[in-house]
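data27.pdb (PDB, C-alpha atoms, pLDDT in the B column) appears below.
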```
ATOM      1  CA  TYR A  29      28.319-150.672 -23.783  1.00 89.00           C
ATOM      2  CA  GLU A  30      27.701-152.533 -26.990  1.00 92.00           C
ATOM      3  CA  LYS A  31      26.956-156.144 -26.112  1.00 94.00           C
ATOM      4  CA  ILE A  32      29.741-158.694 -26.652  1.00 95.00           C
ATOM      5  CA  ASP A  33      29.598-162.491 -26.661  1.00 94.00           C
ATOM      6  CA  SER A  34      32.282-163.927 -24.381  1.00 93.00           C
ATOM      7  CA  SER A  35      31.398-167.471 -25.471  1.00 92.00           C
ATOM      8  CA  LYS A  36      32.549-166.516 -28.980  1.00 93.00           C
ATOM      9  CA  GLY A  37      35.703-164.957 -27.559  1.00 92.00           C
ATOM     10  CA  GLN A  38      34.694-161.358 -28.162  1.00 95.00           C
ATOM     11  CA  ILE A  39      36.525-158.672 -26.181  1.00 96.00           C
ATOM     12  CA  ARG A  40      36.702-154.900 -26.251  1.00 97.00           C
ATOM     13  CA  LEU A  41      39.869-152.951 -26.954  1.00 97.00           C
ATOM     14  CA  LEU A  42      40.329-149.276 -26.159  1.00 97.00           C
ATOM     15  CA  ARG A  43      41.897-146.961 -28.704  1.00 97.00           C
ATOM     16  CA  ILE A  44      43.437-143.895 -27.070  1.00 96.00           C
ATOM     17  CA  GLN A  45      43.224-141.174 -29.659  1.00 95.00           C
ATOM     18  CA  LYS A  46      45.969-138.642 -30.262  1.00 92.00           C
ATOM     19  CA  GLN A  47      45.781-136.022 -27.565  1.00 87.00           C
ATOM     20  CA  HIS A  48      45.515-132.318 -28.229  1.00 81.00           C
ATOM     21  CA  LEU A  49      48.190-130.109 -26.729  1.00 74.00           C
ATOM     22  CA  PHE A  50      45.789-127.756 -24.946  1.00 73.00           C
ATOM     23  CA  TRP A  51      42.920-130.149 -24.254  1.00 72.00           C
ATOM     24  CA  GLY A  52      43.763-132.408 -21.320  1.00 71.00           C
ATOM     25  CA  HIS A  53      40.793-134.755 -21.677  1.00 83.00           C
ATOM     26  CA  LEU A  54      41.387-138.335 -22.713  1.00 89.00           C
ATOM     27  CA  ARG A  55      39.525-139.144 -25.906  1.00 93.00           C
ATOM     28  CA  CYS A  56      39.095-142.814 -26.765  1.00 95.00           C
ATOM     29  CA  SER A  57      37.014-145.247 -28.759  1.00 96.00           C
ATOM     30  CA  ILE A  58      36.006-148.874 -28.206  1.00 96.00           C
ATOM     31  CA  GLU A  59      36.612-151.665 -30.717  1.00 96.00           C
ATOM     32  CA  ILE A  60      35.220-155.173 -30.524  1.00 95.00           C
ATOM     33  CA  ALA A  61      37.814-157.844 -31.234  1.00 94.00           C
ATOM     34  CA  ARG A  62      38.947-161.358 -30.343  1.00 90.00           C
ATOM     35  CA  PRO A  63      41.814-162.233 -27.941  1.00 85.00           C
ATOM     36  CA  GLU A  64      44.147-162.995 -30.862  1.00 85.00           C
ATOM     37  CA  ASN A  65      43.742-159.345 -31.901  1.00 82.00           C
ATOM     38  CA  ALA A  66      45.295-158.406 -28.559  1.00 82.00           C
ATOM     39  CA  SER A  67      48.631-158.944 -30.337  1.00 86.00           C
ATOM     40  CA  GLN A  68      48.105-155.421 -31.653  1.00 89.00           C
ATOM     41  CA  CYS A  69      47.606-153.841 -28.213  1.00 93.00           C
ATOM     42  CA  GLU A  70      49.181-153.259 -24.831  1.00 95.00           C
ATOM     43  CA  ALA A  71      47.595-154.919 -21.802  1.00 93.00           C
ATOM     44  CA  LEU A  72      47.511-152.549 -18.856  1.00 93.00           C
ATOM     45  CA  SER A  73      47.935-153.718 -15.273  1.00 89.00           C
ATOM     46  CA  TYR A  74      47.297-151.235 -12.467  1.00 85.00           C
ATOM     47  CA  ARG A  75      45.866-150.997  -8.985  1.00 76.00           C
ATOM     48  CA  TRP A  76      42.270-149.963  -8.488  1.00 69.00           C
ATOM     49  CA  LYS A  77      42.294-148.765  -4.917  1.00 62.00           C
ATOM     50  CA  PHE A  78      44.231-146.207  -2.926  1.00 54.00           C
ATOM     51  CA  GLY A  79      44.511-145.202   0.695  1.00 49.00           C
ATOM     52  CA  SER A  80      46.285-146.964   3.544  1.00 45.00           C
ATOM     53  CA  ASP A  81      43.658-149.700   3.652  1.00 51.00           C
ATOM     54  CA  GLY A  82      43.300-149.809  -0.140  1.00 50.00           C
ATOM     55  CA  ALA A  83      39.625-148.916   0.118  1.00 60.00           C
ATOM     56  CA  ASP A  84      39.497-145.459  -1.426  1.00 68.00           C
ATOM     57  CA  ILE A  85      38.629-145.312  -5.098  1.00 77.00           C
ATOM     58  CA  LYS A  86      38.599-141.899  -6.720  1.00 83.00           C
ATOM     59  CA  PHE A  87      37.202-141.519 -10.211  1.00 88.00           C
ATOM     60  CA  ARG A  88      38.084-139.401 -13.263  1.00 90.00           C
ATOM     61  CA  ARG A  89      36.252-138.942 -16.546  1.00 93.00           C
ATOM     62  CA  ILE A  90      37.334-139.959 -20.011  1.00 94.00           C
ATOM     63  CA  PHE A  91      35.533-139.523 -23.330  1.00 94.00           C
ATOM     64  CA  ILE A  92      34.686-142.722 -25.194  1.00 96.00           C
ATOM     65  CA  ASP A  93      32.966-142.381 -28.546  1.00 94.00           C
ATOM     66  CA  ASP A  94      31.683-138.905 -27.543  1.00 87.00           C
ATOM     67  CA  GLU A  95      30.229-140.171 -24.250  1.00 94.00           C
ATOM     68  CA  THR A  96      31.795-139.730 -20.815  1.00 95.00           C
ATOM     69  CA  MET A  97      32.770-142.576 -18.531  1.00 95.00           C
ATOM     70  CA  GLU A  98      34.122-142.536 -15.008  1.00 94.00           C
ATOM     71  CA  ILE A  99      37.072-144.820 -14.331  1.00 93.00           C
ATOM     72  CA  PRO A 100      39.328-145.272 -11.293  1.00 89.00           C
ATOM     73  CA  GLN A 101      41.839-142.451 -11.006  1.00 87.00           C
ATOM     74  CA  SER A 102      44.761-144.887 -11.197  1.00 86.00           C
ATOM     75  CA  ALA A 103      43.413-146.180 -14.536  1.00 90.00           C
ATOM     76  CA  TRP A 104      43.001-142.585 -15.726  1.00 91.00           C
ATOM     77  CA  GLU A 105      46.610-141.784 -14.760  1.00 88.00           C
ATOM     78  CA  LEU A 106      47.828-144.844 -16.648  1.00 90.00           C
ATOM     79  CA  LEU A 107      45.814-143.997 -19.775  1.00 93.00           C
ATOM     80  CA  HIS A 108      47.028-140.414 -19.595  1.00 90.00           C
ATOM     81  CA  ALA A 109      50.648-141.609 -19.300  1.00 88.00           C
ATOM     82  CA  ARG A 110      50.201-143.926 -22.316  1.00 91.00           C
ATOM     83  CA  SER A 111      48.528-141.259 -24.462  1.00 92.00           C
ATOM     84  CA  SER A 112      50.517-139.383 -27.082  1.00 91.00           C
ATOM     85  CA  LEU A 113      50.333-136.173 -29.064  1.00 90.00           C
ATOM     86  CA  TYR A 114      51.657-138.016 -32.114  1.00 93.00           C
ATOM     87  CA  THR A 115      49.979-141.406 -32.383  1.00 94.00           C
ATOM     88  CA  GLU A 116      46.978-143.424 -31.305  1.00 95.00           C
ATOM     89  CA  ARG A 117      47.505-146.365 -28.977  1.00 96.00           C
ATOM     90  CA  LEU A 118      45.442-149.563 -28.725  1.00 96.00           C
ATOM     91  CA  VAL A 119      45.166-150.976 -25.186  1.00 97.00           C
ATOM     92  CA  TRP A 120      43.208-153.439 -23.095  1.00 96.00           C
ATOM     93  CA  LEU A 121      42.183-152.079 -19.691  1.00 95.00           C
ATOM     94  CA  ASP A 122      39.707-154.066 -17.611  1.00 93.00           C
ATOM     95  CA  ALA A 123      38.042-150.998 -16.074  1.00 92.00           C
ATOM     96  CA  VAL A 124      36.879-149.935 -19.537  1.00 95.00           C
ATOM     97  CA  CYS A 125      36.983-153.053 -21.713  1.00 96.00           C
ATOM     98  CA  ILE A 126      34.790-155.081 -19.351  1.00 96.00           C
ATOM     99  CA  ASP A 127      31.408-153.699 -18.300  1.00 95.00           C
ATOM    100  CA  GLN A 128      32.076-153.587 -14.557  1.00 91.00           C
ATOM    101  CA  LYS A 129      28.354-153.328 -13.760  1.00 93.00           C
ATOM    102  CA  ASN A 130      27.485-156.501 -15.690  1.00 95.00           C
ATOM    103  CA  THR A 131      28.325-159.545 -13.546  1.00 95.00           C
ATOM    104  CA  SER A 132      27.605-162.081 -16.298  1.00 96.00           C
ATOM    105  CA  GLU A 133      29.905-160.230 -18.700  1.00 96.00           C
ATOM    106  CA  LYS A 134      32.644-160.080 -16.056  1.00 95.00           C
ATOM    107  CA  ALA A 135      32.275-163.834 -15.468  1.00 95.00           C
ATOM    108  CA  GLY A 136      32.609-164.460 -19.219  1.00 96.00           C
ATOM    109  CA  GLN A 137      35.556-162.089 -19.722  1.00 95.00           C
ATOM    110  CA  ILE A 138      37.751-163.214 -16.794  1.00 91.00           C
ATOM    111  CA  PRO A 139      38.632-166.560 -18.482  1.00 92.00           C
ATOM    112  CA  LEU A 140      39.782-164.614 -21.570  1.00 93.00           C
ATOM    113  CA  MET A 141      42.194-162.412 -19.622  1.00 90.00           C
ATOM    114  CA  GLY A 142      45.031-164.947 -19.748  1.00 89.00           C
ATOM    115  CA  GLN A 143      44.880-164.952 -23.552  1.00 90.00           C
ATOM    116  CA  ILE A 144      44.773-161.161 -23.646  1.00 93.00           C
ATOM    117  CA  TYR A 145      47.884-160.773 -21.476  1.00 90.00           C
ATOM    118  CA  THR A 146      49.709-163.537 -23.371  1.00 90.00           C
ATOM    119  CA  LYS A 147      48.945-162.091 -26.816  1.00 91.00           C
ATOM    120  CA  ALA A 148      49.512-158.411 -26.000  1.00 92.00           C
ATOM    121  CA  THR A 149      52.565-156.697 -27.479  1.00 92.00           C
ATOM    122  CA  GLN A 150      53.567-155.817 -23.919  1.00 91.00           C
ATOM    123  CA  VAL A 151      52.142-155.578 -20.437  1.00 89.00           C
ATOM    124  CA  ILE A 152      52.437-152.168 -18.831  1.00 87.00           C
ATOM    125  CA  VAL A 153      52.568-152.294 -15.019  1.00 83.00           C
ATOM    126  CA  TRP A 154      51.310-149.182 -13.231  1.00 81.00           C
ATOM    127  CA  PRO A 155      51.467-149.457  -9.439  1.00 75.00           C
ATOM    128  CA  GLY A 156      50.558-145.772  -9.158  1.00 71.00           C
ATOM    129  CA  ASP A 157      52.120-142.424  -9.838  1.00 66.00           C
ATOM    130  CA  ARG A 158      54.423-141.278  -7.043  1.00 68.00           C
ATOM    131  CA  PHE A 159      56.875-138.417  -6.999  1.00 66.00           C
ATOM    132  CA  ASP A 160      59.762-140.837  -6.368  1.00 69.00           C
ATOM    133  CA  SER A 161      58.862-143.498  -8.949  1.00 71.00           C
ATOM    134  CA  GLY A 162      61.707-142.411 -11.245  1.00 74.00           C
ATOM    135  CA  MET A 163      64.238-142.880  -8.442  1.00 79.00           C
ATOM    136  CA  ALA A 164      62.762-146.314  -7.659  1.00 76.00           C
ATOM    137  CA  SER A 165      63.075-147.387 -11.303  1.00 75.00           C
ATOM    138  CA  THR A 166      66.666-146.207 -11.446  1.00 79.00           C
ATOM    139  CA  MET A 167      67.528-148.073  -8.248  1.00 76.00           C
ATOM    140  CA  VAL A 168      65.965-151.326  -9.465  1.00 75.00           C
ATOM    141  CA  LEU A 169      67.862-150.982 -12.738  1.00 77.00           C
ATOM    142  CA  ARG A 170      71.156-150.292 -10.922  1.00 76.00           C
ATOM    143  CA  LEU A 171      70.723-153.387  -8.757  1.00 74.00           C
ATOM    144  CA  PHE A 172      69.790-155.501 -11.756  1.00 73.00           C
ATOM    145  CA  VAL A 173      72.782-154.344 -13.794  1.00 74.00           C
ATOM    146  CA  THR A 174      75.186-154.813 -10.899  1.00 69.00           C
ATOM    147  CA  ASN A 175      73.958-158.257 -10.037  1.00 68.00           C
ATOM    148  CA  TYR A 176      73.319-159.795 -13.443  1.00 68.00           C
ATOM    149  CA  GLN A 177      75.318-157.943 -16.047  1.00 61.00           C
ATOM    150  CA  PHE A 178      78.535-157.931 -14.069  1.00 61.00           C
ATOM    151  CA  GLU A 179      77.805-161.144 -12.143  1.00 66.00           C
ATOM    152  CA  ALA A 180      78.683-159.553  -8.836  1.00 61.00           C
ATOM    153  CA  GLU A 181      79.829-161.890  -6.115  1.00 70.00           C
ATOM    154  CA  GLU A 182      77.565-162.070  -3.076  1.00 72.00           C
ATOM    155  CA  GLU A 183      79.955-160.104  -0.840  1.00 73.00           C
ATOM    156  CA  GLU A 184      80.407-157.402  -3.464  1.00 71.00           C
ATOM    157  CA  PHE A 185      76.636-157.197  -3.912  1.00 68.00           C
ATOM    158  CA  ARG A 186      76.115-156.906  -0.134  1.00 71.00           C
ATOM    159  CA  SER A 187      78.677-154.115  -0.046  1.00 74.00           C
ATOM    160  CA  ILE A 188      76.767-152.236  -2.735  1.00 68.00           C
ATOM    161  CA  LEU A 189      73.491-152.772  -0.863  1.00 72.00           C
ATOM    162  CA  GLU A 190      74.956-151.463   2.402  1.00 74.00           C
ATOM    163  CA  HIS A 191      76.235-148.400   0.552  1.00 72.00           C
ATOM    164  CA  GLU A 192      72.817-147.727  -1.022  1.00 73.00           C
ATOM    165  CA  THR A 193      70.398-148.405   1.847  1.00 75.00           C
ATOM    166  CA  GLY A 194      70.374-144.886   3.262  1.00 75.00           C
ATOM    167  CA  ARG A 195      69.966-143.137  -0.069  1.00 77.00           C
ATOM    168  CA  MET A 196      66.788-141.646  -1.493  1.00 82.00           C
ATOM    169  CA  GLY A 197      66.778-144.142  -4.369  1.00 79.00           C
ATOM    170  CA  TRP A 198      66.795-147.059  -1.954  1.00 79.00           C
ATOM    171  CA  LYS A 199      63.911-145.593   0.052  1.00 82.00           C
ATOM    172  CA  ALA A 200      61.976-145.000  -3.168  1.00 82.00           C
ATOM    173  CA  MET A 201      62.538-148.623  -4.196  1.00 81.00           C
ATOM    174  CA  VAL A 202      61.321-149.875  -0.809  1.00 82.00           C
ATOM    175  CA  ASN A 203      58.196-147.696  -1.202  1.00 80.00           C
ATOM    176  CA  LEU A 204      57.647-149.199  -4.647  1.00 78.00           C
ATOM    177  CA  PHE A 205      57.784-152.792  -3.394  1.00 77.00           C
ATOM    178  CA  GLU A 206      55.558-151.984  -0.424  1.00 79.00           C
ATOM    179  CA  ASN A 207      52.921-150.746  -2.857  1.00 74.00           C
ATOM    180  CA  PRO A 208      49.594-152.607  -2.459  1.00 72.00           C
ATOM    181  CA  TYR A 209      49.700-153.378  -6.200  1.00 73.00           C
ATOM    182  CA  PHE A 210      52.176-156.162  -5.469  1.00 71.00           C
ATOM    183  CA  THR A 211      49.746-157.830  -3.048  1.00 70.00           C
ATOM    184  CA  ARG A 212      47.169-158.423  -5.787  1.00 70.00           C
ATOM    185  CA  ILE A 213      47.007-162.033  -6.954  1.00 65.00           C
ATOM    186  CA  TRP A 214      45.981-160.837 -10.421  1.00 69.00           C
ATOM    187  CA  CYS A 215      49.232-158.956 -10.937  1.00 68.00           C
ATOM    188  CA  VAL A 216      51.163-162.237 -10.788  1.00 64.00           C
ATOM    189  CA  GLN A 217      49.117-163.610 -13.683  1.00 68.00           C
ATOM    190  CA  GLU A 218      49.214-160.367 -15.650  1.00 73.00           C
ATOM    191  CA  VAL A 219      52.970-159.930 -15.408  1.00 67.00           C
ATOM    192  CA  ALA A 220      53.878-163.617 -15.767  1.00 63.00           C
ATOM    193  CA  LEU A 221      51.840-164.024 -18.940  1.00 67.00           C
ATOM    194  CA  GLY A 222      52.984-160.793 -20.557  1.00 65.00           C
ATOM    195  CA  GLU A 223      55.925-159.685 -22.639  1.00 64.00           C
TER     196      GLU A 223
END
```
Please re-express this file's structure in structure tokens.
Amino acid sequence: YEKIDSSKGQIRLLRIQKQHLFWGHLRCSIEIARPENASQCEALSYRWKFGSDGADIKFRRIFIDDETMEIPQSAWELLHARSSLYTERLVWLDAVCIDQKNTSEKAGQIPLMGQIYTKATQVIVWPGDRFDSGMASTMVLRLFVTNYQFEAEEEEFRSILEHETGRMGWKAMVNLFENPYFTRIWCVQEVALGE
């Protein structure tokens, strides 16, 4: 890591380079910036740990400025999902943009996180990649549209819920909201401050 000065508001941003069709490795570069430059990037919110107790962390490699770095698998999945064959993408991801082995840097960067999430073009929430995540998204959207767009009465809404509870989409949505990501106190800040 190139040294940054948190007292001067310096942060790192990660540029995900265009991906090659037949080369599955993530290629990235680091840029030093200030929190106000976060208005040009996406802030990424994800969960670090997996397993029933949330203790298991698996790692994957990415290439940053021609060096390799191991990051949590969930962060790798998120970066891979945000990568494109057609364009570069500028993001802020704590696992990479903060030197996780440097406690003084972490202490200096944590107070800047609120500004980063506030200034970012959008906050991308990644509770993990599950086979039924598409069904969960569709179910949440259906409930939102029914309740808010059409201003469903409470009884009508209950009727819809009773009709949906046994379906695969409902079960997928329940799995989504039982995800340990939603127990993290940080996710409240990250989502509340973001666009």
Within 7 Å of Ala71 of chain A, counting all atoms listed in the file, which residues qualify if same-chain residues fewer than 3 places away don't, as a PyMOL selection string?
chain A and resi 119-121+145+148+150-152
Set the distance at 6 Å and use only C-alpha atoms: which residues neighbour segment 194-211 of chain A once local chain neighbours fewer than 6 positions away are removed? I'd like the list as a PDB file with C-alpha atoms, in the coordinates of the input.
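Output file selection-v3.pdb is given in full below:
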```pdb
ATOM      1  CA  ARG A  75      45.866-150.997  -8.985  1.00 76.00           C
ATOM      2  CA  PRO A 155      51.467-149.457  -9.439  1.00 75.00           C
ATOM      3  CA  ASP A 160      59.762-140.837  -6.368  1.00 69.00           C
ATOM      4  CA  MET A 163      64.238-142.880  -8.442  1.00 79.00           C
ATOM      5  CA  ALA A 164      62.762-146.314  -7.659  1.00 76.00           C
ATOM      6  CA  MET A 167      67.528-148.073  -8.248  1.00 76.00           C
TER       7      MET A 167
END
```
Two-atom distance - atom CA of Trp104 of chain A, atom CA of Phe87 of chain A (Å):
8.1 Å
If you measure from atom CA of Gly136 of chain A to atom CA of Glu116 of chain A, what distance in Å do you get, rounded to one decimal?
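For atom CA of Gly136 of chain A relative to atom CA of Glu116 of chain A, the distance reads 28.2 Å.
Of the residues under consideration (A:Leu169, A:Ala103, A:Ile126, A:Ile44), A:Ala103 shows the shortest atom-to-atom contact distance to Leu72 of chain A when counting all atoms listed in the file.
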Which residue, A:Ile39, A:Leu113, A:Leu106, A:Met97, has the smallest gap to Gly52 of chain A when you use only C-alpha atoms?
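Ranking A:Ile39, A:Leu113, A:Leu106, A:Met97 by distance to Gly52 of chain A, first place goes to A:Leu113.
The point (23.4, -152.3, -22.7) has these residues within 12 Å of it when all atoms listed in the file are used: A:Tyr29, A:Glu30, A:Lys31, A:Ile32, A:Asp127, A:Gln128, A:Lys129, A:Asn130, A:Glu133.
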Those same residues - C-alpha atoms - I'd like them written as a CSV table (one decimal), in the frame of the given file.
```csv
chain,number,residue,atom,x,y,z
A,29,TYR,CA,28.3,-150.7,-23.8
A,30,GLU,CA,27.7,-152.5,-27.0
A,31,LYS,CA,27.0,-156.1,-26.1
A,32,ILE,CA,29.7,-158.7,-26.7
A,127,ASP,CA,31.4,-153.7,-18.3
A,128,GLN,CA,32.1,-153.6,-14.6
A,129,LYS,CA,28.4,-153.3,-13.8
A,130,ASN,CA,27.5,-156.5,-15.7
A,133,GLU,CA,29.9,-160.2,-18.7
```
Can you tell me which residues surround Val124 of chain A at a distance of at most 9 Å, considering only C-alpha atoms, apart from same-chain residues fewer than 5 positions away, and format the answer as a VMD selection string?
chain A and resid 40 to 42 58 97 99
With all atoms listed in the file as the basis for distance, which of A:Ser161, A:Gln101, A:Ser67, A:Thr115 is at the shortest distance from Gln45 of chain A?
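Answer, going by the shortest atom-to-atom distance: A:Thr115.
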Rounded to one decimal in Å, what is the spacing between atom CA of Ile138 of chain A and atom CA of Ser73 of chain A?
14.0 Å
Step by step, work through what the PyMOL selection byres ((chain A and resi 38) around 7) selects in the shown file, and finish by giving those residues as a PyMOL selection string.
chain A and resi 32-34+36-37+39+60-62
Residue nearest Ser187 of chain A - candidates A:His48, A:Glu98, A:Leu171, A:Ile85, atoms counted: all atoms listed in the file
A:Leu171
Would you mind listing what lies within 8 Å of Gln47 of chain A as a compact mmCIF listing (two decimals) with C-alpha atoms, in the frame of the given file, with all atoms listed in the file counted and same-chain residues fewer than 6 positions away left out?
```txt
# COMPACT_ATOMS: atom_id res chain seq x y z
CA HIS A 53 40.79 -134.76 -21.68
CA LEU A 54 41.39 -138.34 -22.71
CA ARG A 55 39.52 -139.14 -25.91
CA SER A 111 48.53 -141.26 -24.46
CA SER A 112 50.52 -139.38 -27.08
CA LEU A 113 50.33 -136.17 -29.06
CA TYR A 114 51.66 -138.02 -32.11
```
